[in-house]
Every structure is written in C-alpha cells, then in structure tokens.
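So the structure is just underneath, and the comments pick up after that.
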2 protein chains.
Amino acid sequence: MNGAPSTGTIVQFWYEFASTYSYPAAMRVEASAAAQGVVVSWRPFLLGPIFAELGWTTSPFNLQPAKGRYMWRDLARICAREGLAFVRPEPFPQNTLLAARVAMALPDGAQRAAFTRAVYQAEFELGLTISDHTVLANALAQAGDVEAEALRLAETPDVKLALRAATEEAQAVGLFGAPTFVTPDGELFWGFDRMDEAMAWARNADTIRVEPR
Amino acid sequence: MNGAPSTGTIVQFWYEFASTYSYPAAMRVEASAAAQGVVVSWRPFLLGPIFAELGWTTSPFNLQPAKGRYMWRDLARICAREGLAFVRPEPFPQNTLLAARVAMALPDGAQRAAFTRAVYQAEFELGLTISDHTVLANALAQAGDVEAEALRLAETPDVKLALRAATEEAQAVGLFGAPTFVTPDGELFWGFDRMDEAMAWARNADTIRVEPR
C-alpha cells in the first residue's frame, strides 16, 4: 500500500468517493500540483464515521435540502467550466466502502490515481453504481490491474485496517469534509475551490519531507 | 428604504452581520462588481430563522468544532491576502438583529454600503460588540447619518417588518448561508470565493432589470 513519492514537496489530497466536489478535484489535482512543482499523495478515507459523530446519517446535502440544491447547480457550473461531464449519481450518496478499500489496496501514486479517476468517472460521468464489483473491476483495468487483484486484497484485514487508520488520521488532522488538501507544514485547504491555493501554499512554505505512507 | 439602483445589471449581495465570510465580501464587493460593470444591491437578512428551521441554535461553526477551527484559519488567510485586518469576534456569533434593522432603515446604495462596511470593521477589525448602540451610532456617523436617525427608525414596525420580509425572501430564493450573490437571472453564488464568479456571470447573462426594493 506504500508507494507515495518520498522526495519533493508533497500535498496530501484527501478524498471520499461519495464527495461531489472531490470529483473535479480528482480530475484536476495532478495538473494543479504540476503547475506549482509539487507532488500529490492520494489519500482515500471515509466521511461516514466523521459525519456519524455529528449525529448525521447521510450527506449534509441531503440533510439540508436548500444547500443540496445549490451544490448540484454549483457542481454543474464547475464541471462545465472544467470541461468535465456531469451526471447526478443515484442514489446519492453512493456506498463507497469497497471502492475506498480498493484504492487503499493500490500503491499511492500513478496506479491509485488512475483507479480513483476511473471510479469518479464511472460515478459522475456514467452514472454507475460504484459499489458494484464489475464497475470497480473495470476501473482497476483502466489502472492496469486487469486481474482485479486489488479487489481481492480489498477484503483482507490489512487493507480494511489501513482504511480505518486513514479515516482516524483524517479526523485527528481535523478533516470534516472532502476534498481536503494538506500541505507539508500542516495547513488544511478544504474544497475544490481551495486546490490551487493549497498547491501554491505548499510551494512557498518551507519544504518539509513527508514520510511515505 | 428604497434607493437600489434602478438601471443596469444588478447583483444582489445578501449578507448577515454575524457571517464571517460576509466580512471580506462586504469590503470587496464594490470592486468586484465594478470590474465587471455591474451594480451591487445591498441585502441584509438574518440567518438565525433559517438555521432554526434546521434545528440549529447557534452557528454551524460552533456546532461543528473542526469546521469552525478550519473556518477561522481560512478567514485569517483570506484577510491576509486581501490586506484586511482580522480579529475574532467575542462572543461568536454576535447578536445582529439591531444592526440588520439599522441597515434596512438606510436606503439601499452608498449609505447602506458605508454603514455595512463600518459595522463589519467594528466587528472584525476592532473586536467591538455590534449590538451596542454606541457602536452602531458610530457606524452610522461614518455613513453620514451623524444624528443616528436610522437607529431610531430601526425600532419602527415598518423596518422590523421589512427585515422579516427580506429574511423570508432569502429563504424563498433558497439561501442557506452568507454571503450569497444572486444574479438577475436567478443564479445563486454562495461564499466569498464565488463573488467574482457571480459578477462575471451577471455581466454575461442577458440583462434583466430588477425592480428596486
């Protein structure tokens, strides 16, 4: 599960597969990072346990209908501007536990990135159900894992524990939503609209090496 | 209480005096609008009744401590970038009922704008209590109302009803937070980080005249 780049200025990109604004972030984060000469670490986690501590049993966009209506419109505007296709997932939010475990089973780096993008595209471009094994196997194939080996690994205790540890780390760091970008000096930047700012911050801050995870 | 510009492309700037991101918005909205050749209508309202319908008795930044911690840091970064002073109001949120009524008592336009900025500066630059009559009288003086006539009007039934109507309008339009920018074609843009986008949208959309309020 390791494989994160060990040198250079690393910005952690924390994402949850059900998070709507994580979709454009996943599709554009590499370009945003490259523009500032920094490197992305791909950090899947689950928002469910964090929301549960607030007493929430579903997405805040479902709990607050006005905010939800706004979000779908805002996301459509963003996708149009970014040249990204957009369909609204049904149901929303999707069950993302297996997809997140599969992402954890892949090495941080190009392969996890490719799988992550493929899952978001399945969800937000094609309207597919991302808890479906076939959908995940296809996403793995796009990431070069044609045997879907990571789908088998996803069910092992090591990977399950790794995802739980990542979610606990996210909570300890102070994450409350996704996407969130964390710079080497510990700054948090929440939201697709803070992505470029995070990368610029990381470039300008003193470079602190982050241990690969 | 009228006085909104009656011609040109008008973007409604909806603000709540307790709203943290409304502070940089109030200080920069005129410049943002001018850059796109559009005009600002200043729309004070109350978030309290809207939050109350969600069962909230205080700011979501208090209800969600991690989100609150992030917000204060994010706001400090924004103020630094914008060259704005920043102190954290105590207590947070402030009681904003009287300030909002005073704003309603002023004509929409330069005088309401000047009062609004002066209140935000009292709150976020000087750390003053904006429910205080003296603070509001000083803000009115900065807006040219040296006799604090608007402070007297603020207690009249007409102004109280006008603020209640504005808050009901905000809710009907779908507002759930502040600042929110509403363009002539009915698009909503929520947050200081959407301000420039709202102005650009308004300039590019077909110009629809909005009746002064």
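Please note that chains go A, B, ... in the order of the structure tokens, that every chain numbers its residues from 1, and that ligands are numbered from 1 in the order shown.
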Least-squares superpose chain B on chain A across all ordered C-alpha pairs, then write out what you get as a compact mmCIF listing (two decimals) with C-alpha atoms, in the first residue's frame.
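Okay, part19.txt is ready:
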```txt
# COMPACT_ATOMS: atom_id res chain seq x y z
CA MET B 1 0.04 0.03 -0.03
CA ASN B 2 3.04 2.33 0.08
CA GLY B 3 4.44 3.97 -2.97
CA ALA B 4 3.90 7.65 -2.18
CA PRO B 5 6.64 9.81 -3.64
CA SER B 6 9.37 10.08 -1.01
CA THR B 7 11.00 13.29 -2.13
CA GLY B 8 9.81 16.71 -3.14
CA THR B 9 7.04 18.80 -1.68
CA ILE B 10 4.05 16.54 -1.17
CA VAL B 11 0.48 17.75 -0.86
CA GLN B 12 -1.94 15.21 0.55
CA PHE B 13 -5.18 15.02 -1.41
CA TRP B 14 -7.82 13.53 0.89
CA TYR B 15 -10.91 12.32 -0.93
CA GLU B 16 -14.09 10.35 -0.34
CA PHE B 17 -15.70 8.66 -3.33
CA ALA B 18 -19.18 9.94 -2.40
CA SER B 19 -17.95 13.52 -2.16
CA THR B 20 -19.23 15.56 -5.06
CA TYR B 21 -16.55 18.24 -5.12
CA SER B 22 -13.89 15.53 -4.90
CA TYR B 23 -14.80 14.57 -8.47
CA PRO B 24 -13.44 17.71 -10.20
CA ALA B 25 -10.59 17.70 -7.68
CA ALA B 26 -9.56 14.17 -8.62
CA MET B 27 -9.69 15.03 -12.30
CA ARG B 28 -7.62 18.22 -11.97
CA VAL B 29 -5.36 17.75 -8.94
CA GLU B 30 -2.34 16.48 -10.87
CA ALA B 31 -2.38 19.48 -13.18
CA SER B 32 -2.82 21.86 -10.26
CA ALA B 33 0.12 20.29 -8.43
CA ALA B 34 2.33 20.19 -11.52
CA ALA B 35 1.74 23.89 -12.11
CA GLN B 36 3.40 24.57 -8.73
CA GLY B 37 6.03 21.85 -8.99
CA VAL B 38 4.58 19.85 -6.10
CA VAL B 39 3.58 16.20 -5.87
CA VAL B 40 0.23 14.65 -4.94
CA SER B 41 -0.25 11.93 -2.35
CA TRP B 42 -3.63 10.23 -2.91
CA ARG B 43 -5.39 9.70 0.44
CA PRO B 44 -8.74 7.89 0.33
CA PHE B 45 -10.83 7.97 3.51
CA LEU B 46 -14.43 7.69 4.66
CA LEU B 47 -16.58 10.61 5.71
CA GLY B 48 -19.32 8.39 7.15
CA PRO B 49 -17.67 7.82 10.54
CA ILE B 50 -16.83 11.54 10.81
CA PHE B 51 -20.39 12.55 9.96
CA ALA B 52 -21.76 9.93 12.34
CA GLU B 53 -20.03 11.66 15.26
CA LEU B 54 -22.10 14.75 14.42
CA GLY B 55 -25.24 12.62 14.49
CA TRP B 56 -25.61 12.66 10.72
CA THR B 57 -26.78 9.50 8.98
CA THR B 58 -26.46 10.80 5.41
CA SER B 59 -24.80 13.57 3.42
CA PRO B 60 -25.31 17.12 4.74
CA PHE B 61 -26.53 17.90 1.22
CA ASN B 62 -29.45 15.58 1.90
CA LEU B 63 -29.98 16.88 5.44
CA GLN B 64 -30.08 20.49 4.20
CA PRO B 65 -32.18 20.48 1.01
CA ALA B 66 -31.50 24.13 0.08
CA LYS B 67 -27.77 23.57 0.40
CA GLY B 68 -28.09 20.36 -1.59
CA ARG B 69 -29.95 22.07 -4.44
CA TYR B 70 -27.29 24.75 -4.53
CA MET B 71 -24.46 22.21 -4.51
CA TRP B 72 -25.78 20.31 -7.54
CA ARG B 73 -26.10 23.53 -9.50
CA ASP B 74 -22.69 24.79 -8.38
CA LEU B 75 -21.09 21.47 -9.28
CA ALA B 76 -22.71 21.55 -12.73
CA ARG B 77 -21.26 25.04 -13.27
CA ILE B 78 -17.81 23.87 -12.18
CA CYS B 79 -17.90 20.82 -14.43
CA ALA B 80 -18.99 22.93 -17.38
CA ARG B 81 -16.13 25.33 -16.76
CA GLU B 82 -13.63 22.49 -16.34
CA GLY B 83 -14.86 20.63 -19.42
CA LEU B 84 -15.98 17.65 -17.33
CA ALA B 85 -19.07 15.58 -17.99
CA PHE B 86 -21.56 15.49 -15.13
CA VAL B 87 -24.47 13.29 -14.14
CA ARG B 88 -26.02 13.18 -10.71
CA PRO B 89 -25.38 9.84 -9.00
CA GLU B 90 -28.45 7.84 -8.00
CA PRO B 91 -28.71 7.09 -5.19
CA PHE B 92 -26.74 9.84 -3.51
CA PRO B 93 -24.55 9.30 -1.63
CA GLN B 94 -23.19 6.07 -3.06
CA ASN B 95 -21.89 3.31 -0.80
CA THR B 96 -18.15 3.87 -1.07
CA LEU B 97 -16.68 1.41 1.41
CA LEU B 98 -15.45 -1.14 -1.11
CA ALA B 99 -14.16 1.45 -3.58
CA ALA B 100 -12.18 3.12 -0.79
CA ARG B 101 -10.72 -0.22 0.28
CA VAL B 102 -9.69 -1.00 -3.28
CA ALA B 103 -8.00 2.40 -3.52
CA MET B 104 -6.15 1.63 -0.27
CA ALA B 105 -5.04 -1.69 -1.73
CA LEU B 106 -3.25 0.08 -4.57
CA PRO B 107 0.10 1.82 -4.14
CA ASP B 108 -0.15 5.57 -3.60
CA GLY B 109 0.93 7.08 -6.89
CA ALA B 110 0.01 6.66 -10.54
CA GLN B 111 -1.97 3.45 -10.15
CA ARG B 112 -4.11 4.66 -7.24
CA ALA B 113 -4.61 7.93 -9.10
CA ALA B 114 -5.76 6.19 -12.27
CA PHE B 115 -8.16 3.95 -10.34
CA THR B 116 -9.52 6.91 -8.39
CA ARG B 117 -10.21 8.93 -11.52
CA ALA B 118 -11.85 5.92 -13.17
CA VAL B 119 -14.19 5.48 -10.19
CA TYR B 120 -15.17 9.16 -10.18
CA GLN B 121 -15.79 8.99 -13.92
CA ALA B 122 -17.96 5.89 -13.50
CA GLU B 123 -19.93 7.70 -10.82
CA PHE B 124 -20.22 11.25 -12.18
CA GLU B 125 -19.84 10.79 -15.94
CA LEU B 126 -21.56 7.44 -16.49
CA GLY B 127 -23.93 7.34 -13.51
CA LEU B 128 -22.82 3.84 -12.50
CA THR B 129 -23.11 2.28 -9.06
CA ILE B 130 -19.60 2.33 -7.64
CA SER B 131 -20.24 -0.35 -5.03
CA ASP B 132 -20.65 -2.79 -7.94
CA HIS B 133 -17.79 -5.29 -8.34
CA THR B 134 -17.90 -5.10 -12.14
CA VAL B 135 -17.65 -1.32 -12.08
CA LEU B 136 -14.67 -1.48 -9.75
CA ALA B 137 -13.03 -4.24 -11.81
CA ASN B 138 -13.37 -2.05 -14.90
CA ALA B 139 -11.85 0.87 -13.03
CA LEU B 140 -8.97 -1.37 -11.96
CA ALA B 141 -8.44 -2.46 -15.54
CA GLN B 142 -8.11 1.20 -16.51
CA ALA B 143 -5.44 1.45 -13.82
CA GLY B 144 -3.52 -1.50 -15.23
CA ASP B 145 -4.79 -4.12 -12.77
CA VAL B 146 -6.55 -6.26 -15.37
CA GLU B 147 -6.81 -9.24 -12.98
CA ALA B 148 -8.57 -7.06 -10.36
CA GLU B 149 -6.05 -8.23 -7.80
CA ALA B 150 -6.76 -5.15 -5.69
CA LEU B 151 -10.41 -6.15 -5.44
CA ARG B 152 -9.33 -9.34 -3.69
CA LEU B 153 -6.85 -7.49 -1.46
CA ALA B 154 -9.58 -5.04 -0.51
CA GLU B 155 -11.26 -7.75 1.57
CA THR B 156 -8.13 -8.56 3.60
CA PRO B 157 -7.76 -7.40 7.22
CA ASP B 158 -4.65 -5.37 6.39
CA VAL B 159 -6.43 -3.20 3.88
CA LYS B 160 -9.55 -2.85 6.00
CA LEU B 161 -7.39 -1.70 8.91
CA ALA B 162 -5.41 0.65 6.69
CA LEU B 163 -8.59 2.40 5.59
CA ARG B 164 -9.82 2.64 9.15
CA ALA B 165 -6.45 4.11 10.20
CA ALA B 166 -6.59 6.62 7.36
CA THR B 167 -10.04 7.74 8.42
CA GLU B 168 -8.88 8.10 12.03
CA GLU B 169 -5.86 10.08 10.84
CA ALA B 170 -8.14 12.34 8.81
CA GLN B 171 -10.23 13.02 11.86
CA ALA B 172 -7.16 13.63 14.03
CA VAL B 173 -5.81 16.12 11.49
CA GLY B 174 -9.12 17.99 11.65
CA LEU B 175 -10.77 16.98 8.41
CA PHE B 176 -14.54 17.45 8.31
CA GLY B 177 -15.20 17.24 4.56
CA ALA B 178 -13.70 16.42 1.19
CA PRO B 179 -11.76 17.16 -0.81
CA THR B 180 -9.18 18.46 1.64
CA PHE B 181 -5.59 19.28 0.78
CA VAL B 182 -2.91 19.14 3.49
CA THR B 183 0.44 20.79 2.91
CA PRO B 184 3.76 19.64 4.46
CA ASP B 185 3.53 22.35 7.13
CA GLY B 186 0.09 21.12 8.18
CA GLU B 187 -2.18 23.71 6.55
CA LEU B 188 -5.64 22.47 5.61
CA PHE B 189 -7.42 23.61 2.48
CA TRP B 190 -10.99 22.37 2.12
CA GLY B 191 -12.83 22.25 -1.18
CA PHE B 192 -12.10 22.12 -4.88
CA ASP B 193 -12.05 25.91 -4.81
CA ARG B 194 -9.02 25.85 -2.49
CA MET B 195 -6.98 23.35 -4.54
CA ASP B 196 -4.78 25.80 -6.43
CA GLU B 197 -4.27 27.83 -3.25
CA ALA B 198 -3.08 24.71 -1.44
CA MET B 199 -0.53 23.92 -4.13
CA ALA B 200 0.78 27.48 -4.16
CA TRP B 201 0.99 27.46 -0.36
CA ALA B 202 2.97 24.20 -0.41
CA ARG B 203 5.42 25.56 -2.96
CA ASN B 204 6.04 28.69 -0.94
CA ALA B 205 6.23 27.07 2.50
CA ASP B 206 9.50 25.60 3.71
CA THR B 207 9.78 22.18 2.18
CA ILE B 208 9.22 19.52 4.79
CA ARG B 209 9.67 15.93 3.75
CA VAL B 210 6.68 13.74 4.45
CA GLU B 211 7.22 10.06 5.11
CA PRO B 212 5.58 7.86 2.52
CA ARG B 213 2.55 6.04 3.86
```
**OP:** Pick out each residue of range 25-210 of chain B that DSSP on the backbone tags as helix (DSSP H, G or I); I need them as a PyMOL selection string.
**Re:** chain B and resi 25-36+48-52+60-63+65-82+97-105+110-124+133-142+149-153+157-173+192-204
Could you give me, as a PDB file with all heavy atoms, in the first residue's frame, each residue of chain A that DSSP assigns to strand (DSSP E) when run on this structure's backbone?
```
ATOM      1  N   ILE A  10       5.232  17.393  -0.981  1.00  0.00           N
ATOM      2  CA  ILE A  10       4.062  16.539  -1.182  1.00  0.00           C
ATOM      3  C   ILE A  10       2.827  17.194  -0.578  1.00  0.00           C
ATOM      4  O   ILE A  10       2.834  17.609   0.578  1.00  0.00           O
ATOM      5  CB  ILE A  10       4.289  15.154  -0.544  1.00  0.00           C
ATOM      6  CG1 ILE A  10       5.456  14.448  -1.244  1.00  0.00           C
ATOM      7  CG2 ILE A  10       3.018  14.310  -0.619  1.00  0.00           C
ATOM      8  CD1 ILE A  10       5.913  13.188  -0.541  1.00  0.00           C
ATOM      9  N   VAL A  11       1.786  17.297  -1.377  1.00  0.00           N
ATOM     10  CA  VAL A  11       0.486  17.749  -0.874  1.00  0.00           C
ATOM     11  C   VAL A  11      -0.434  16.540  -0.811  1.00  0.00           C
ATOM     12  O   VAL A  11      -0.613  15.824  -1.796  1.00  0.00           O
ATOM     13  CB  VAL A  11      -0.116  18.846  -1.769  1.00  0.00           C
ATOM     14  CG1 VAL A  11      -1.546  19.177  -1.336  1.00  0.00           C
ATOM     15  CG2 VAL A  11       0.758  20.097  -1.707  1.00  0.00           C
ATOM     16  N   GLN A  12      -0.997  16.316   0.374  1.00  0.00           N
ATOM     17  CA  GLN A  12      -1.938  15.213   0.535  1.00  0.00           C
ATOM     18  C   GLN A  12      -3.307  15.628   0.008  1.00  0.00           C
ATOM     19  O   GLN A  12      -3.848  16.643   0.410  1.00  0.00           O
ATOM     20  CB  GLN A  12      -2.063  14.826   2.011  1.00  0.00           C
ATOM     21  CG  GLN A  12      -0.766  14.359   2.642  1.00  0.00           C
ATOM     22  CD  GLN A  12      -0.936  14.066   4.123  1.00  0.00           C
ATOM     23  OE1 GLN A  12      -2.054  13.847   4.610  1.00  0.00           O
ATOM     24  NE2 GLN A  12       0.174  14.074   4.844  1.00  0.00           N
ATOM     25  N   PHE A  13      -3.838  14.815  -0.864  1.00  0.00           N
ATOM     26  CA  PHE A  13      -5.185  15.013  -1.419  1.00  0.00           C
ATOM     27  C   PHE A  13      -6.095  13.969  -0.782  1.00  0.00           C
ATOM     28  O   PHE A  13      -6.041  12.796  -1.108  1.00  0.00           O
ATOM     29  CB  PHE A  13      -5.133  14.875  -2.939  1.00  0.00           C
ATOM     30  CG  PHE A  13      -6.471  14.708  -3.615  1.00  0.00           C
ATOM     31  CD1 PHE A  13      -7.572  15.488  -3.265  1.00  0.00           C
ATOM     32  CD2 PHE A  13      -6.627  13.766  -4.635  1.00  0.00           C
ATOM     33  CE1 PHE A  13      -8.807  15.320  -3.898  1.00  0.00           C
ATOM     34  CE2 PHE A  13      -7.860  13.596  -5.280  1.00  0.00           C
ATOM     35  CZ  PHE A  13      -8.952  14.368  -4.902  1.00  0.00           C
ATOM     36  N   TRP A  14      -6.907  14.418   0.184  1.00  0.00           N
ATOM     37  CA  TRP A  14      -7.824  13.529   0.890  1.00  0.00           C
ATOM     38  C   TRP A  14      -9.168  13.558   0.173  1.00  0.00           C
ATOM     39  O   TRP A  14      -9.753  14.630  -0.014  1.00  0.00           O
ATOM     40  CB  TRP A  14      -7.990  13.990   2.335  1.00  0.00           C
ATOM     41  CG  TRP A  14      -6.786  13.786   3.203  1.00  0.00           C
ATOM     42  CD1 TRP A  14      -5.710  14.610   3.321  1.00  0.00           C
ATOM     43  CD2 TRP A  14      -6.540  12.675   4.075  1.00  0.00           C
ATOM     44  NE1 TRP A  14      -4.801  14.093   4.215  1.00  0.00           N
ATOM     45  CE2 TRP A  14      -5.292  12.896   4.697  1.00  0.00           C
ATOM     46  CE3 TRP A  14      -7.249  11.513   4.395  1.00  0.00           C
ATOM     47  CZ2 TRP A  14      -4.740  12.010   5.620  1.00  0.00           C
ATOM     48  CZ3 TRP A  14      -6.697  10.628   5.320  1.00  0.00           C
ATOM     49  CH2 TRP A  14      -5.462  10.874   5.915  1.00  0.00           C
ATOM     50  N   TYR A  15      -9.646  12.391  -0.176  1.00  0.00           N
ATOM     51  CA  TYR A  15     -10.901  12.323  -0.932  1.00  0.00           C
ATOM     52  C   TYR A  15     -11.774  11.186  -0.433  1.00  0.00           C
ATOM     53  O   TYR A  15     -11.294  10.198   0.122  1.00  0.00           O
ATOM     54  CB  TYR A  15     -10.629  12.179  -2.432  1.00  0.00           C
ATOM     55  CG  TYR A  15      -9.801  10.977  -2.813  1.00  0.00           C
ATOM     56  CD1 TYR A  15     -10.396   9.781  -3.227  1.00  0.00           C
ATOM     57  CD2 TYR A  15      -8.411  11.020  -2.757  1.00  0.00           C
ATOM     58  CE1 TYR A  15      -9.624   8.665  -3.571  1.00  0.00           C
ATOM     59  CE2 TYR A  15      -7.639   9.921  -3.092  1.00  0.00           C
ATOM     60  CZ  TYR A  15      -8.257   8.741  -3.500  1.00  0.00           C
ATOM     61  OH  TYR A  15      -7.491   7.647  -3.825  1.00  0.00           O
ATOM     62  N   VAL A  39       3.961  17.595  -5.591  1.00  0.00           N
ATOM     63  CA  VAL A  39       3.596  16.208  -5.878  1.00  0.00           C
ATOM     64  C   VAL A  39       2.380  15.832  -5.033  1.00  0.00           C
ATOM     65  O   VAL A  39       2.252  16.247  -3.894  1.00  0.00           O
ATOM     66  CB  VAL A  39       4.792  15.274  -5.556  1.00  0.00           C
ATOM     67  CG1 VAL A  39       4.418  13.816  -5.759  1.00  0.00           C
ATOM     68  CG2 VAL A  39       6.001  15.661  -6.401  1.00  0.00           C
ATOM     69  N   VAL A  40       1.486  15.030  -5.626  1.00  0.00           N
ATOM     70  CA  VAL A  40       0.238  14.643  -4.952  1.00  0.00           C
ATOM     71  C   VAL A  40       0.386  13.292  -4.266  1.00  0.00           C
ATOM     72  O   VAL A  40       0.888  12.340  -4.862  1.00  0.00           O
ATOM     73  CB  VAL A  40      -0.924  14.562  -5.965  1.00  0.00           C
ATOM     74  CG1 VAL A  40      -2.214  14.098  -5.277  1.00  0.00           C
ATOM     75  CG2 VAL A  40      -1.117  15.904  -6.663  1.00  0.00           C
ATOM     76  N   SER A  41      -0.046  13.214  -3.015  1.00  0.00           N
ATOM     77  CA  SER A  41      -0.252  11.927  -2.356  1.00  0.00           C
ATOM     78  C   SER A  41      -1.757  11.691  -2.298  1.00  0.00           C
ATOM     79  O   SER A  41      -2.510  12.551  -1.837  1.00  0.00           O
ATOM     80  CB  SER A  41       0.352  11.954  -0.946  1.00  0.00           C
ATOM     81  OG  SER A  41      -0.013  10.789  -0.229  1.00  0.00           O
ATOM     82  N   TRP A  42      -2.196  10.548  -2.791  1.00  0.00           N
ATOM     83  CA  TRP A  42      -3.634  10.240  -2.909  1.00  0.00           C
ATOM     84  C   TRP A  42      -4.094   9.537  -1.646  1.00  0.00           C
ATOM     85  O   TRP A  42      -3.665   8.419  -1.375  1.00  0.00           O
ATOM     86  CB  TRP A  42      -3.888   9.370  -4.149  1.00  0.00           C
ATOM     87  CG  TRP A  42      -3.623  10.110  -5.437  1.00  0.00           C
ATOM     88  CD1 TRP A  42      -2.406  10.474  -5.941  1.00  0.00           C
ATOM     89  CD2 TRP A  42      -4.600  10.609  -6.360  1.00  0.00           C
ATOM     90  NE1 TRP A  42      -2.566  11.163  -7.125  1.00  0.00           N
ATOM     91  CE2 TRP A  42      -3.905  11.252  -7.406  1.00  0.00           C
ATOM     92  CE3 TRP A  42      -5.996  10.569  -6.415  1.00  0.00           C
ATOM     93  CZ2 TRP A  42      -4.560  11.853  -8.488  1.00  0.00           C
ATOM     94  CZ3 TRP A  42      -6.654  11.162  -7.494  1.00  0.00           C
ATOM     95  CH2 TRP A  42      -5.930  11.798  -8.510  1.00  0.00           C
ATOM     96  N   ARG A  43      -4.996  10.182  -0.890  1.00  0.00           N
ATOM     97  CA  ARG A  43      -5.391   9.691   0.431  1.00  0.00           C
ATOM     98  C   ARG A  43      -6.893   9.420   0.522  1.00  0.00           C
ATOM     99  O   ARG A  43      -7.664  10.302   0.926  1.00  0.00           O
ATOM    100  CB  ARG A  43      -4.978  10.728   1.496  1.00  0.00           C
ATOM    101  CG  ARG A  43      -3.499  11.123   1.528  1.00  0.00           C
ATOM    102  CD  ARG A  43      -2.582   9.948   1.864  1.00  0.00           C
ATOM    103  NE  ARG A  43      -3.005   9.209   3.037  1.00  0.00           N
ATOM    104  CZ  ARG A  43      -2.638   9.468   4.290  1.00  0.00           C
ATOM    105  NH1 ARG A  43      -1.813  10.457   4.540  1.00  0.00           N
ATOM    106  NH2 ARG A  43      -3.085   8.732   5.285  1.00  0.00           N
ATOM    107  N   PRO A  44      -7.312   8.215   0.171  1.00  0.00           N
ATOM    108  CA  PRO A  44      -8.739   7.893   0.334  1.00  0.00           C
ATOM    109  C   PRO A  44      -9.101   7.771   1.803  1.00  0.00           C
ATOM    110  O   PRO A  44      -8.276   7.353   2.623  1.00  0.00           O
ATOM    111  CB  PRO A  44      -8.876   6.542  -0.382  1.00  0.00           C
ATOM    112  CG  PRO A  44      -7.502   5.943  -0.334  1.00  0.00           C
ATOM    113  CD  PRO A  44      -6.528   7.084  -0.348  1.00  0.00           C
ATOM    114  N   THR A 180     -10.022  17.602   0.818  1.00  0.00           N
ATOM    115  CA  THR A 180      -9.176  18.463   1.642  1.00  0.00           C
ATOM    116  C   THR A 180      -7.725  18.224   1.245  1.00  0.00           C
ATOM    117  O   THR A 180      -7.313  17.085   1.010  1.00  0.00           O
ATOM    118  CB  THR A 180      -9.375  18.192   3.139  1.00  0.00           C
ATOM    119  OG1 THR A 180     -10.732  18.463   3.496  1.00  0.00           O
ATOM    120  CG2 THR A 180      -8.464  19.097   3.974  1.00  0.00           C
ATOM    121  N   PHE A 181      -6.991  19.307   1.151  1.00  0.00           N
ATOM    122  CA  PHE A 181      -5.584  19.270   0.783  1.00  0.00           C
ATOM    123  C   PHE A 181      -4.770  19.655   2.016  1.00  0.00           C
ATOM    124  O   PHE A 181      -5.094  20.640   2.682  1.00  0.00           O
ATOM    125  CB  PHE A 181      -5.303  20.232  -0.377  1.00  0.00           C
ATOM    126  CG  PHE A 181      -6.230  20.001  -1.541  1.00  0.00           C
ATOM    127  CD1 PHE A 181      -7.454  20.662  -1.634  1.00  0.00           C
ATOM    128  CD2 PHE A 181      -5.915  19.061  -2.515  1.00  0.00           C
ATOM    129  CE1 PHE A 181      -8.336  20.413  -2.684  1.00  0.00           C
ATOM    130  CE2 PHE A 181      -6.794  18.802  -3.568  1.00  0.00           C
ATOM    131  CZ  PHE A 181      -8.012  19.482  -3.654  1.00  0.00           C
ATOM    132  N   VAL A 182      -3.746  18.858   2.317  1.00  0.00           N
ATOM    133  CA  VAL A 182      -2.914  19.129   3.490  1.00  0.00           C
ATOM    134  C   VAL A 182      -1.481  19.322   3.014  1.00  0.00           C
ATOM    135  O   VAL A 182      -0.914  18.451   2.329  1.00  0.00           O
ATOM    136  CB  VAL A 182      -2.986  17.977   4.517  1.00  0.00           C
ATOM    137  CG1 VAL A 182      -2.162  18.316   5.757  1.00  0.00           C
ATOM    138  CG2 VAL A 182      -4.443  17.700   4.905  1.00  0.00           C
ATOM    139  N   LEU A 188      -4.497  23.123   6.245  1.00  0.00           N
ATOM    140  CA  LEU A 188      -5.633  22.459   5.601  1.00  0.00           C
ATOM    141  C   LEU A 188      -6.275  23.401   4.602  1.00  0.00           C
ATOM    142  O   LEU A 188      -6.437  24.597   4.874  1.00  0.00           O
ATOM    143  CB  LEU A 188      -6.698  22.077   6.632  1.00  0.00           C
ATOM    144  CG  LEU A 188      -6.317  21.218   7.829  1.00  0.00           C
ATOM    145  CD1 LEU A 188      -7.572  20.836   8.610  1.00  0.00           C
ATOM    146  CD2 LEU A 188      -5.587  19.969   7.384  1.00  0.00           C
ATOM    147  N   PHE A 189      -6.673  22.848   3.471  1.00  0.00           N
ATOM    148  CA  PHE A 189      -7.420  23.594   2.461  1.00  0.00           C
ATOM    149  C   PHE A 189      -8.583  22.707   2.049  1.00  0.00           C
ATOM    150  O   PHE A 189      -8.378  21.630   1.493  1.00  0.00           O
ATOM    151  CB  PHE A 189      -6.533  23.934   1.260  1.00  0.00           C
ATOM    152  CG  PHE A 189      -5.398  24.858   1.603  1.00  0.00           C
ATOM    153  CD1 PHE A 189      -4.193  24.360   2.104  1.00  0.00           C
ATOM    154  CD2 PHE A 189      -5.538  26.237   1.453  1.00  0.00           C
ATOM    155  CE1 PHE A 189      -3.156  25.219   2.430  1.00  0.00           C
ATOM    156  CE2 PHE A 189      -4.506  27.095   1.774  1.00  0.00           C
ATOM    157  CZ  PHE A 189      -3.312  26.587   2.273  1.00  0.00           C
ATOM    158  N   TRP A 190      -9.776  23.184   2.329  1.00  0.00           N
ATOM    159  CA  TRP A 190     -10.987  22.369   2.107  1.00  0.00           C
ATOM    160  C   TRP A 190     -11.730  22.860   0.869  1.00  0.00           C
ATOM    161  O   TRP A 190     -12.047  24.051   0.762  1.00  0.00           O
ATOM    162  CB  TRP A 190     -11.904  22.478   3.331  1.00  0.00           C
ATOM    163  CG  TRP A 190     -13.254  21.860   3.155  1.00  0.00           C
ATOM    164  CD1 TRP A 190     -13.535  20.592   2.740  1.00  0.00           C
ATOM    165  CD2 TRP A 190     -14.518  22.497   3.404  1.00  0.00           C
ATOM    166  NE1 TRP A 190     -14.903  20.404   2.712  1.00  0.00           N
ATOM    167  CE2 TRP A 190     -15.526  21.548   3.120  1.00  0.00           C
ATOM    168  CE3 TRP A 190     -14.893  23.770   3.848  1.00  0.00           C
ATOM    169  CZ2 TRP A 190     -16.881  21.841   3.254  1.00  0.00           C
ATOM    170  CZ3 TRP A 190     -16.236  24.060   3.977  1.00  0.00           C
ATOM    171  CH2 TRP A 190     -17.218  23.099   3.688  1.00  0.00           C
TER     172      TRP A 190
END
```
